[in-house]
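Peer 1: Here it is, the structure, as structure tokens.
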Amino acid sequence: LLILQYLSGFGNEHVSEDPRCPGALPEGQVCPYGLYAEQLSGSAFTCPRPTNRRSWLYRILPSVCHKPFKPLLEGHLTHSWDEAEPDPNQLRWKPFEVPKAPQDELDFVSGLHTLCGAGEPRGRNGIAVHIFLCNTSMLNRCLYNSDGDFLIVPQQGKLLITTEFGKMLVEPNEICVIQEGMRFSVEVFGETRGYVLEVYGAHFELPDLGPIGANGLANPRDFLVPVAWYEDRQVPGGYTVVSKYQGKLFAAQQDFSPFNVVAWHGNYTPYKYHLEKFMVINSVAFDHADPSIFTVLTAKSARPGVALADFVIFPPRWGVANNTFRPPYYHRNCMSEFMGLIKGHYEAKEEGFQPGGASLHSMMTPHGPDADCFEKASKAKLEPERVAEGTMAFMFESSLSLAVTKWGLQTSNRLDKSYYKCWEPLKSHFNPKCK
């Protein structure tokens, strides 16, 4: 039984070595135990120190020992945003269906399905939203993303993720980030489903807190990084390294496991975070604070204050605002809002929006509570109440205008064509004689 351990802290300069090889971290130029030194750089060498990201890996064989990459035709990944006509409508998807094994075996790689996105990886600016649907573990193969970072949100089933830095167990209500270039393999334990936010050309960071001060939202100490763990395993039949490169998959063969890192140090690592650790900030008098107070992680764009992508959650909390319509208000805005539900019922749409499903409200497309929610909240007695108890909804918000793929609109067969009807019962209450 493997008991997993973690290092604590966001963006810290960590040091870790497998206890089976004490002293594996070199003090001079020569690596102990006959290891090779390999640097993994997540930023340009000349980035300012606060944004400079790199780690040194001390491994049994370097990553360069592999046969040439060849195209790998599997899965439903794409960044061809013109394959379907633009659709400005409010979109909602029923829960995405996990194929049944063994008739249709899908691991994490073959189970990635691109739902929407914008930009493209060659220009190092853009995002993509994927749904992963898998029922089997990755065997003798790993994936690394040359295009950007993966923020992974499991919704059904836990993921045991082996990385070059060590192992992480990521369960529903937790998230993890696998940054660009990091090799990883995913083990699952049955039918498994979740969401992935991919960003090109930026790394996730903690949002600035401004007047909130030094503490609040996602606290750095609650982010966990795996500890060094290695396997010295030969794979004569061939170990497959899958690269996601310029939006397509490529495979190369090698004779050994890539998880042969005996020790490492640096600040460029995979990490995980439990959403229950989020310190919610909220209004305690009246009116709404902007939903940006629920931001866990942000990937900044080149424009100050404008995110390439934000990861936002709506956790259980107290609602105490007085003289206020408490659910989310009706809204049109200049951002794209993709929402998913990990568990429970989302407060603004208790029916129709289900765990494992999703919605997309595009730029300047109006959205807000359905008719039932509006009527109920308008008549409710304003007492302190628990909001979203037993629930966890989240949002991928982006300043980019997202195109939906053909798989999202047609092939998945999960688009809810009746979504617009949830607002049809809204009726006029206007009375010019009644103030």
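By convention in this document, the chains of the structure tokens carry letters A, B, ... by their order, each chain's residues are numbered from 1, and ligands are numbered from 1 in the order they are shown.
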Show me a table, sorted first by chain and then by increasing residue number, of the residues of segment 122-241 of chain A having an atom at most 12 Å from segment 61-72 of chain A, each with its shortest atom pair and the distance in Å to one decimal, counting only C-alpha atoms and written as CSV.

Peer 2:
```
residue,atom,partner,partner_atom,distance
A:Leu143,CA,A:Leu72,CA,11.9
A:Tyr144,CA,A:Ser63,CA,11.7
A:Glu164,CA,A:Ser63,CA,10.5
A:Gly181,CA,A:Ser63,CA,11.2
A:Met182,CA,A:Ser63,CA,11.0
A:Arg183,CA,A:Ser63,CA,9.8
A:Tyr230,CA,A:Leu61,CA,11.6
A:Glu231,CA,A:Leu61,CA,11.4
A:Asp232,CA,A:Leu61,CA,9.4
A:Arg233,CA,A:Leu61,CA,11.0
A:Gln234,CA,A:Leu61,CA,11.1
A:Gly238,CA,A:His66,CA,10.0
A:Tyr239,CA,A:His66,CA,9.3
A:Thr240,CA,A:His66,CA,9.2
A:Val241,CA,A:His66,CA,8.5
```

Peer 1: Can those selected residues be exported to a file as a PDB file, in the first residue's frame so that it contains N, CA and C atoms?

Peer 2:
```
ATOM      1  N   LEU A 143       1.679  10.904 -20.923  1.00  0.00           N
ATOM      2  CA  LEU A 143       1.339  12.060 -21.753  1.00  0.00           C
ATOM      3  C   LEU A 143       2.117  13.261 -21.256  1.00  0.00           C
ATOM      4  N   TYR A 144       2.571  14.101 -22.174  1.00  0.00           N
ATOM      5  CA  TYR A 144       2.999  15.439 -21.772  1.00  0.00           C
ATOM      6  C   TYR A 144       2.462  16.440 -22.786  1.00  0.00           C
ATOM      7  N   GLU A 164       6.635  12.820 -13.077  1.00  0.00           N
ATOM      8  CA  GLU A 164       8.083  12.742 -12.897  1.00  0.00           C
ATOM      9  C   GLU A 164       8.498  13.223 -11.509  1.00  0.00           C
ATOM     10  N   GLY A 181       4.843  20.420 -20.326  1.00  0.00           N
ATOM     11  CA  GLY A 181       6.049  19.612 -20.461  1.00  0.00           C
ATOM     12  C   GLY A 181       6.204  18.486 -19.474  1.00  0.00           C
ATOM     13  N   MET A 182       5.362  18.427 -18.446  1.00  0.00           N
ATOM     14  CA  MET A 182       5.533  17.416 -17.393  1.00  0.00           C
ATOM     15  C   MET A 182       4.882  16.098 -17.816  1.00  0.00           C
ATOM     16  N   ARG A 183       5.652  15.029 -17.781  1.00  0.00           N
ATOM     17  CA  ARG A 183       5.106  13.725 -18.148  1.00  0.00           C
ATOM     18  C   ARG A 183       4.265  13.179 -16.992  1.00  0.00           C
ATOM     19  N   TYR A 230      10.603   7.122  -7.592  1.00  0.00           N
ATOM     20  CA  TYR A 230      11.101   6.653  -8.881  1.00  0.00           C
ATOM     21  C   TYR A 230      10.833   5.173  -9.058  1.00  0.00           C
ATOM     22  N   GLU A 231      10.794   4.765 -10.320  1.00  0.00           N
ATOM     23  CA  GLU A 231      10.822   3.340 -10.652  1.00  0.00           C
ATOM     24  C   GLU A 231      11.914   3.123 -11.696  1.00  0.00           C
ATOM     25  N   ASP A 232      12.782   2.159 -11.423  1.00  0.00           N
ATOM     26  CA  ASP A 232      13.842   1.772 -12.359  1.00  0.00           C
ATOM     27  C   ASP A 232      13.321   0.547 -13.102  1.00  0.00           C
ATOM     28  N   ARG A 233      12.475   0.810 -14.092  1.00  0.00           N
ATOM     29  CA  ARG A 233      11.729  -0.286 -14.736  1.00  0.00           C
ATOM     30  C   ARG A 233      12.033  -0.302 -16.236  1.00  0.00           C
ATOM     31  N   GLN A 234      12.505  -1.441 -16.685  1.00  0.00           N
ATOM     32  CA  GLN A 234      12.715  -1.627 -18.111  1.00  0.00           C
ATOM     33  C   GLN A 234      11.421  -2.123 -18.752  1.00  0.00           C
ATOM     34  N   GLY A 238       8.230  -1.906 -25.035  1.00  0.00           N
ATOM     35  CA  GLY A 238       8.059  -0.524 -25.471  1.00  0.00           C
ATOM     36  C   GLY A 238       7.171   0.280 -24.537  1.00  0.00           C
ATOM     37  N   TYR A 239       7.702   1.379 -24.060  1.00  0.00           N
ATOM     38  CA  TYR A 239       6.922   2.346 -23.288  1.00  0.00           C
ATOM     39  C   TYR A 239       6.599   3.505 -24.234  1.00  0.00           C
ATOM     40  N   THR A 240       5.330   3.931 -24.264  1.00  0.00           N
ATOM     41  CA  THR A 240       4.891   4.965 -25.198  1.00  0.00           C
ATOM     42  C   THR A 240       4.821   6.314 -24.506  1.00  0.00           C
ATOM     43  N   VAL A 241       5.550   7.270 -25.050  1.00  0.00           N
ATOM     44  CA  VAL A 241       5.469   8.653 -24.585  1.00  0.00           C
ATOM     45  C   VAL A 241       4.615   9.420 -25.589  1.00  0.00           C
TER      46      VAL A 241
END
```

Peer 1: Can you pull out the residues contacting His331 of chain A? Cut-off 8 Å, using only C-alpha atoms, and skip same-chain residues under 6 positions away; I want them as a ChimeraX atom specification.

Peer 2: /A:366-368

Peer 1: Those same residues, written as a PDB file, in the first residue's frame with N, CA, C and O atoms?

Peer 2:
```
ATOM      1  N   PRO A 366     -27.166  36.937 -22.801  1.00  0.00           N
ATOM      2  CA  PRO A 366     -27.772  37.092 -21.459  1.00  0.00           C
ATOM      3  C   PRO A 366     -27.960  35.751 -20.764  1.00  0.00           C
ATOM      4  O   PRO A 366     -28.213  34.727 -21.402  1.00  0.00           O
ATOM      5  N   HIS A 367     -27.806  35.778 -19.450  1.00  0.00           N
ATOM      6  CA  HIS A 367     -28.009  34.577 -18.655  1.00  0.00           C
ATOM      7  C   HIS A 367     -28.370  34.989 -17.229  1.00  0.00           C
ATOM      8  O   HIS A 367     -28.251  36.150 -16.849  1.00  0.00           O
ATOM      9  N   GLY A 368     -28.823  34.030 -16.457  1.00  0.00           N
ATOM     10  CA  GLY A 368     -29.222  34.317 -15.088  1.00  0.00           C
ATOM     11  C   GLY A 368     -30.174  33.254 -14.576  1.00  0.00           C
ATOM     12  O   GLY A 368     -30.382  32.225 -15.216  1.00  0.00           O
TER      13      GLY A 368
END
```

Peer 1: Please determine, counting only C-alpha atoms, which residue among A:Phe311, A:Tyr200, A:Phe430, A:Phe325 has the shortest atom-to-atom distance to Lys376 of chain A.

Peer 2: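 Checking each of A:Phe311, A:Tyr200, A:Phe430, A:Phe325 against Lys376 of chain A, counting only C-alpha atoms, the winner is A:Phe325.
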
Peer 1: Which is closer to Pro26 of chain A than all the others in A:Lys100, A:Tyr58, A:Leu341, A:Ser146, using only C-alpha atoms?

Peer 2: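 Using only C-alpha atoms, Pro26 of chain A sits closest to A:Tyr58.
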
Peer 1: With only C-alpha atoms as the atoms that count, which of A:Glu105, A:Ile281, A:Leu7, A:Met392 lies nearest to Gly213 of chain A?

Peer 2: A:Ile281

Peer 1: Pick from A:Leu91, A:Leu409, A:Leu169, A:Ile127: nearest to Met339 of chain A, with only C-alpha atoms counted?

Peer 2: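 Among the listed residues, A:Leu91 lies closest to Met339 of chain A.
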
Peer 1: Neighbours of Cys134 of chain A within 10 Å (only C-alpha atoms; same-chain residues fewer than 2 positions away dropped), as an MDAnalysis selection string?

Peer 2: chainID A and resid 97:101 104:112 131:132 136:138 157 187:194

Peer 1: Nearest to Trp407 of chain A: which of A:Arg59, A:Lys381, A:His130, A:Lys94 is it, counting only C-alpha atoms?

Peer 2: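 So, comparing all the options, the nearest one is A:His130.
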
Peer 1: DSSP on the backbone: what in segment 199-249 of chain A comes out strand (DSSP E or B), as a VMD selection string?

Peer 2: chain A and resid 199 to 200 205 217 224 to 226 234 to 245 248 to 249

Peer 1: Using only C-alpha atoms, can you tell me which of A:Arg92, A:Arg326, A:His79, A:Arg141 comes closest to Ala252 of chain A?

Peer 2: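 Among A:Arg92, A:Arg326, A:His79, A:Arg141, it is A:Arg141 that comes nearest to Ala252 of chain A.
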
Peer 1: Could you pull the residues within 10 Å of Lys406 of chain A, counting only C-alpha atoms, minus those fewer than 5 positions along the same chain, as a ChimeraX atom specification?

Peer 2: /A:78,80-85,114-116,411-412
